[in-house]
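Dumped work25.pdb below, it's PDB, C-alpha atoms:
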```pdb
ATOM      1  CA  MET A  16      23.437  -7.315   0.849
ATOM      2  CA  ILE A  17      23.649  -4.120   2.864
ATOM      3  CA  LYS A  18      25.139  -4.583   6.304
ATOM      4  CA  TYR A  19      27.015  -2.667   8.945
ATOM      5  CA  ILE A  20      30.542  -3.592   9.971
ATOM      6  CA  ILE A  21      31.289  -2.738  13.579
ATOM      7  CA  TYR A  22      34.742  -2.869  15.160
ATOM      8  CA  THR A  23      34.547  -3.613  18.883
ATOM      9  CA  GLN A  24      36.526  -4.624  21.955
ATOM     10  CA  LYS A  25      35.504  -6.656  24.985
ATOM     11  CA  ASN A  26      34.027  -4.759  27.945
ATOM     12  CA  CYS A  27      33.264  -1.697  25.796
ATOM     13  CA  ILE A  28      29.969  -0.178  26.922
ATOM     14  CA  TYR A  29      29.524   1.899  23.757
ATOM     15  CA  CYS A  30      30.186  -1.167  21.597
ATOM     16  CA  ALA A  31      27.419  -3.052  23.419
ATOM     17  CA  GLU A  32      25.063  -0.063  23.084
ATOM     18  CA  ALA A  33      25.794   0.281  19.348
ATOM     19  CA  LYS A  34      25.119  -3.436  18.749
ATOM     20  CA  SER A  35      21.933  -3.170  20.790
ATOM     21  CA  LEU A  36      20.767  -0.211  18.692
ATOM     22  CA  LEU A  37      21.474  -2.102  15.459
ATOM     23  CA  ASP A  38      19.588  -5.119  16.817
ATOM     24  CA  GLU A  39      16.625  -2.944  17.831
ATOM     25  CA  ALA A  40      16.559  -1.387  14.364
ATOM     26  CA  GLY A  41      16.604  -4.849  12.785
ATOM     27  CA  GLU A  42      19.826  -4.105  10.905
ATOM     28  CA  VAL A  43      22.285  -6.756   9.752
ATOM     29  CA  TYR A  44      25.826  -6.291  11.033
ATOM     30  CA  GLU A  45      29.148  -8.081  11.181
ATOM     31  CA  GLU A  46      31.155  -7.647  14.361
ATOM     32  CA  ARG A  47      34.925  -7.506  14.068
ATOM     33  CA  GLU A  48      36.398  -7.791  17.528
ATOM     34  CA  LEU A  49      39.837  -6.311  18.128
ATOM     35  CA  ASP A  50      41.003  -9.169  20.324
ATOM     36  CA  THR A  51      44.699  -9.388  19.475
ATOM     37  CA  ALA A  52      47.564  -6.900  19.648
ATOM     38  CA  GLU A  53      48.068  -7.220  15.878
ATOM     39  CA  LYS A  54      44.421  -6.323  15.144
ATOM     40  CA  VAL A  55      44.617  -3.318  17.480
ATOM     41  CA  ARG A  56      47.883  -2.167  15.834
ATOM     42  CA  ARG A  57      46.383  -2.351  12.317
ATOM     43  CA  PHE A  58      43.237  -0.584  13.558
ATOM     44  CA  LYS A  59      45.299   2.291  15.018
ATOM     45  CA  ASN A  60      47.529   2.466  11.930
ATOM     46  CA  ALA A  61      44.374   2.976   9.861
ATOM     47  CA  GLY A  62      43.792   6.180  11.852
ATOM     48  CA  HIS A  63      41.107   4.967  14.250
ATOM     49  CA  LYS A  64      41.427   5.847  17.920
ATOM     50  CA  THR A  65      38.239   4.617  19.580
ATOM     51  CA  VAL A  66      35.713   1.829  19.391
ATOM     52  CA  PRO A  67      33.121   1.224  18.247
ATOM     53  CA  GLN A  68      33.823   2.188  14.665
ATOM     54  CA  ILE A  69      30.797   1.499  12.468
ATOM     55  CA  PHE A  70      30.818   1.308   8.692
ATOM     56  CA  LEU A  71      28.025   0.703   6.212
ATOM     57  CA  HIS A  72      28.877  -1.957   3.637
ATOM     58  CA  ILE A  73      26.591  -1.628   0.631
ATOM     59  CA  GLY A  74      28.143  -3.924  -1.961
ATOM     60  CA  GLY A  75      28.667  -3.269  -5.677
ATOM     61  CA  PHE A  76      27.158  -0.870  -8.202
ATOM     62  CA  HIS A  77      23.697  -2.458  -8.301
ATOM     63  CA  GLU A  78      23.434  -2.522  -4.518
ATOM     64  CA  LEU A  79      24.511   1.127  -4.381
ATOM     65  CA  GLU A  80      21.900   2.025  -6.997
ATOM     66  CA  ASP A  81      19.216   0.184  -5.002
ATOM     67  CA  TYR A  82      20.392   1.909  -1.833
ATOM     68  CA  PHE A  83      20.053   5.378  -3.366
ATOM     69  CA  PHE A  84      17.008   4.926  -5.571
ATOM     70  CA  GLY A  85      15.227   1.793  -4.335
ATOM     71  CA  GLU A  86      12.606   0.024  -6.336
ATOM     72  CA  GLU A  87      10.430   2.022  -8.689
ATOM     73  CA  ILE A  88       6.807   2.371  -7.649
ATOM     74  CA  SER A  89       4.412   0.847 -10.137
ATOM     75  CA  PHE A  90       1.262   2.619  -8.924
ATOM     76  CA  LYS A  91       0.307   6.259  -8.639
ATOM     77  CA  PRO A  92      -1.805   6.945  -5.549
ATOM     78  CA  ASP A  93      -3.830  10.117  -5.146
ATOM     79  CA  ILE A  94      -1.478  12.111  -2.938
ATOM     80  CA  LYS A  95      -4.236  14.457  -1.852
ATOM     81  CA  LEU A  96      -5.884  11.571   0.016
ATOM     82  CA  VAL A  97      -2.745  10.702   1.957
ATOM     83  CA  ASP A  98      -1.700  12.751   4.975
ATOM     84  CA  LYS A  99       1.939  13.119   5.890
ATOM     85  CA  PRO A 100       2.657  11.527   9.257
ATOM     86  CA  GLU A 101       3.665  13.949  11.954
ATOM     87  CA  LEU A 102       6.720  13.331  14.053
ATOM     88  CA  PRO A 103       5.854  13.430  17.718
ATOM     89  CA  LYS A 104       6.990  16.503  19.602
ATOM     90  CA  ILE A 105      10.021  15.657  21.649
ATOM     91  CA  GLY A 106      11.770  17.885  24.137
ATOM     92  CA  ALA A 107      11.319  20.513  26.755
ATOM     93  CA  ILE A 108      10.389  23.325  24.355
ATOM     94  CA  SER A 109       7.219  21.656  23.121
ATOM     95  CA  GLY A 110       6.210  20.542  26.584
ATOM     96  CA  ASP A 111       5.385  17.111  25.183
ATOM     97  CA  LYS A 112       7.797  14.260  25.422
ATOM     98  CA  LYS A 113       6.899  11.003  23.793
ATOM     99  CA  VAL A 114       9.529   8.332  23.490
ATOM    100  CA  ILE A 115       9.408   6.394  20.236
ATOM    101  CA  SER A 116      11.641   3.585  19.117
ATOM    102  CA  PHE A 117      14.325   3.863  16.475
ATOM    103  CA  ALA A 118      12.267   1.634  14.186
ATOM    104  CA  GLU A 119       9.235   3.938  14.550
ATOM    105  CA  LYS A 120      11.333   7.030  13.761
ATOM    106  CA  ARG A 121      12.831   5.302  10.746
ATOM    107  CA  ALA A 122       9.402   4.246   9.450
ATOM    108  CA  ILE A 123       8.106   7.807   9.758
ATOM    109  CA  VAL A 124      11.106   9.244   7.918
ATOM    110  CA  LYS A 125      10.856   6.614   5.160
ATOM    111  CA  GLY A 126       7.131   7.327   4.805
ATOM    112  CA  ARG A 127       7.776  11.046   4.472
ATOM    113  CA  LYS A 128      10.479  10.484   1.847
ATOM    114  CA  LEU A 129       8.163   8.227  -0.153
ATOM    115  CA  LEU A 130       5.354  10.783  -0.051
ATOM    116  CA  ASP A 131       7.729  13.580  -1.101
ATOM    117  CA  LYS A 132       8.992  11.445  -3.976
ATOM    118  CA  LEU A 133       5.451  10.682  -5.108
ATOM    119  CA  GLU A 134       4.454  14.353  -4.887
ATOM    120  CA  LYS A 135       7.399  15.318  -7.079
ATOM    121  CA  LYS A 136       6.388  12.717  -9.675
ATOM    122  CA  ASP A 137       2.804  13.955  -9.528
ATOM    123  CA  ASP A 138       3.976  17.528 -10.229
ATOM    124  CA  GLU A 139       5.904  16.434 -13.330
TER     125      GLU A 139
END
```
Mind turning this structure into structure tokens?
Amino acid sequence: MIKYIIYTQKNCIYCAEAKSLLDEAGEVYEERELDTAEKVRRFKNAGHKTVPQIFLHIGGFHELEDYFFGEEISFKPDIKLVDKPELPKIGAISGDKKVISFAEKRAIVKGRKLLDKLEKKDDE
């Protein structure tokens, strides 16, 4: 199972924000609170200076393979009938500023990657 491991401390604003972002994105995470002097010492000895520290735990070989390549698609849609979704214009340069959630951004990016993958297969 893919999950994030997040090292935190009490009263850390960035730790709370990071956990909130993971929750909003619907991601699974395990919190490891640095609540003793021994835990903090080991954390610092590992080379870390600040919290939160966030790591992605994927698992073994098969989980890594699934993470990189995902499930194979068993159908071949007509790519010419499918439009690529456009990311909304964000920022002062475009003049338009639309706020979208992390989950919406992620869905758009995943959709684009899937369409690109299908187009490459179609070209082969």
- [ ] Using all atoms listed in the file, find the one residue out of A:Thr23, A:Tyr29, A:Lys132, A:Ala118 that sits nearest to A:Lys54.
- [x]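 Among the listed residues, the smallest separation from A:Lys54 belongs to A:Thr23.
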- [ ] Could you list the residues chosen by the PyMOL selection byres ((chain A and resi 20) around 9) in this structure as a PyMOL selection string?
- [x] chain A and resi 18-19+21-22+43-47+68-72
Residues from last step as file, C-alpha atoms, as a short mmCIF file (atom, residue, chain, number, x, y, z; two decimals), keeping the file's coordinate frame:
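Resulting contents of selection13.cif:
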```cif
data_model
loop_
_atom_site.label_atom_id
_atom_site.label_comp_id
_atom_site.auth_asym_id
_atom_site.auth_seq_id
_atom_site.Cartn_x
_atom_site.Cartn_y
_atom_site.Cartn_z
CA LYS A 18 25.14 -4.58 6.30
CA TYR A 19 27.02 -2.67 8.94
CA ILE A 21 31.29 -2.74 13.58
CA TYR A 22 34.74 -2.87 15.16
CA VAL A 43 22.28 -6.76 9.75
CA TYR A 44 25.83 -6.29 11.03
CA GLU A 45 29.15 -8.08 11.18
CA GLU A 46 31.16 -7.65 14.36
CA ARG A 47 34.92 -7.51 14.07
CA GLN A 68 33.82 2.19 14.66
CA ILE A 69 30.80 1.50 12.47
CA PHE A 70 30.82 1.31 8.69
CA LEU A 71 28.02 0.70 6.21
CA HIS A 72 28.88 -1.96 3.64
#
```
- [ ] Quote the spacing between atom CA of A:Glu80 and atom CA of A:Arg121 in Å to one decimal place.
- [x]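 Atom-to-atom, atom CA of A:Glu80 and atom CA of A:Arg121 are spaced 20.2 Å apart.
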Task: Sel. within 9 Å of pt (19.0, -6.4, -0.4), counting only C-alpha atoms, output as a list of chain:residue names - done: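 Protein, DNA and RNA residues close to (19.0, -6.4, -0.4): A:Met16, A:Ile17, A:Glu78, A:Asp81, A:Tyr82.
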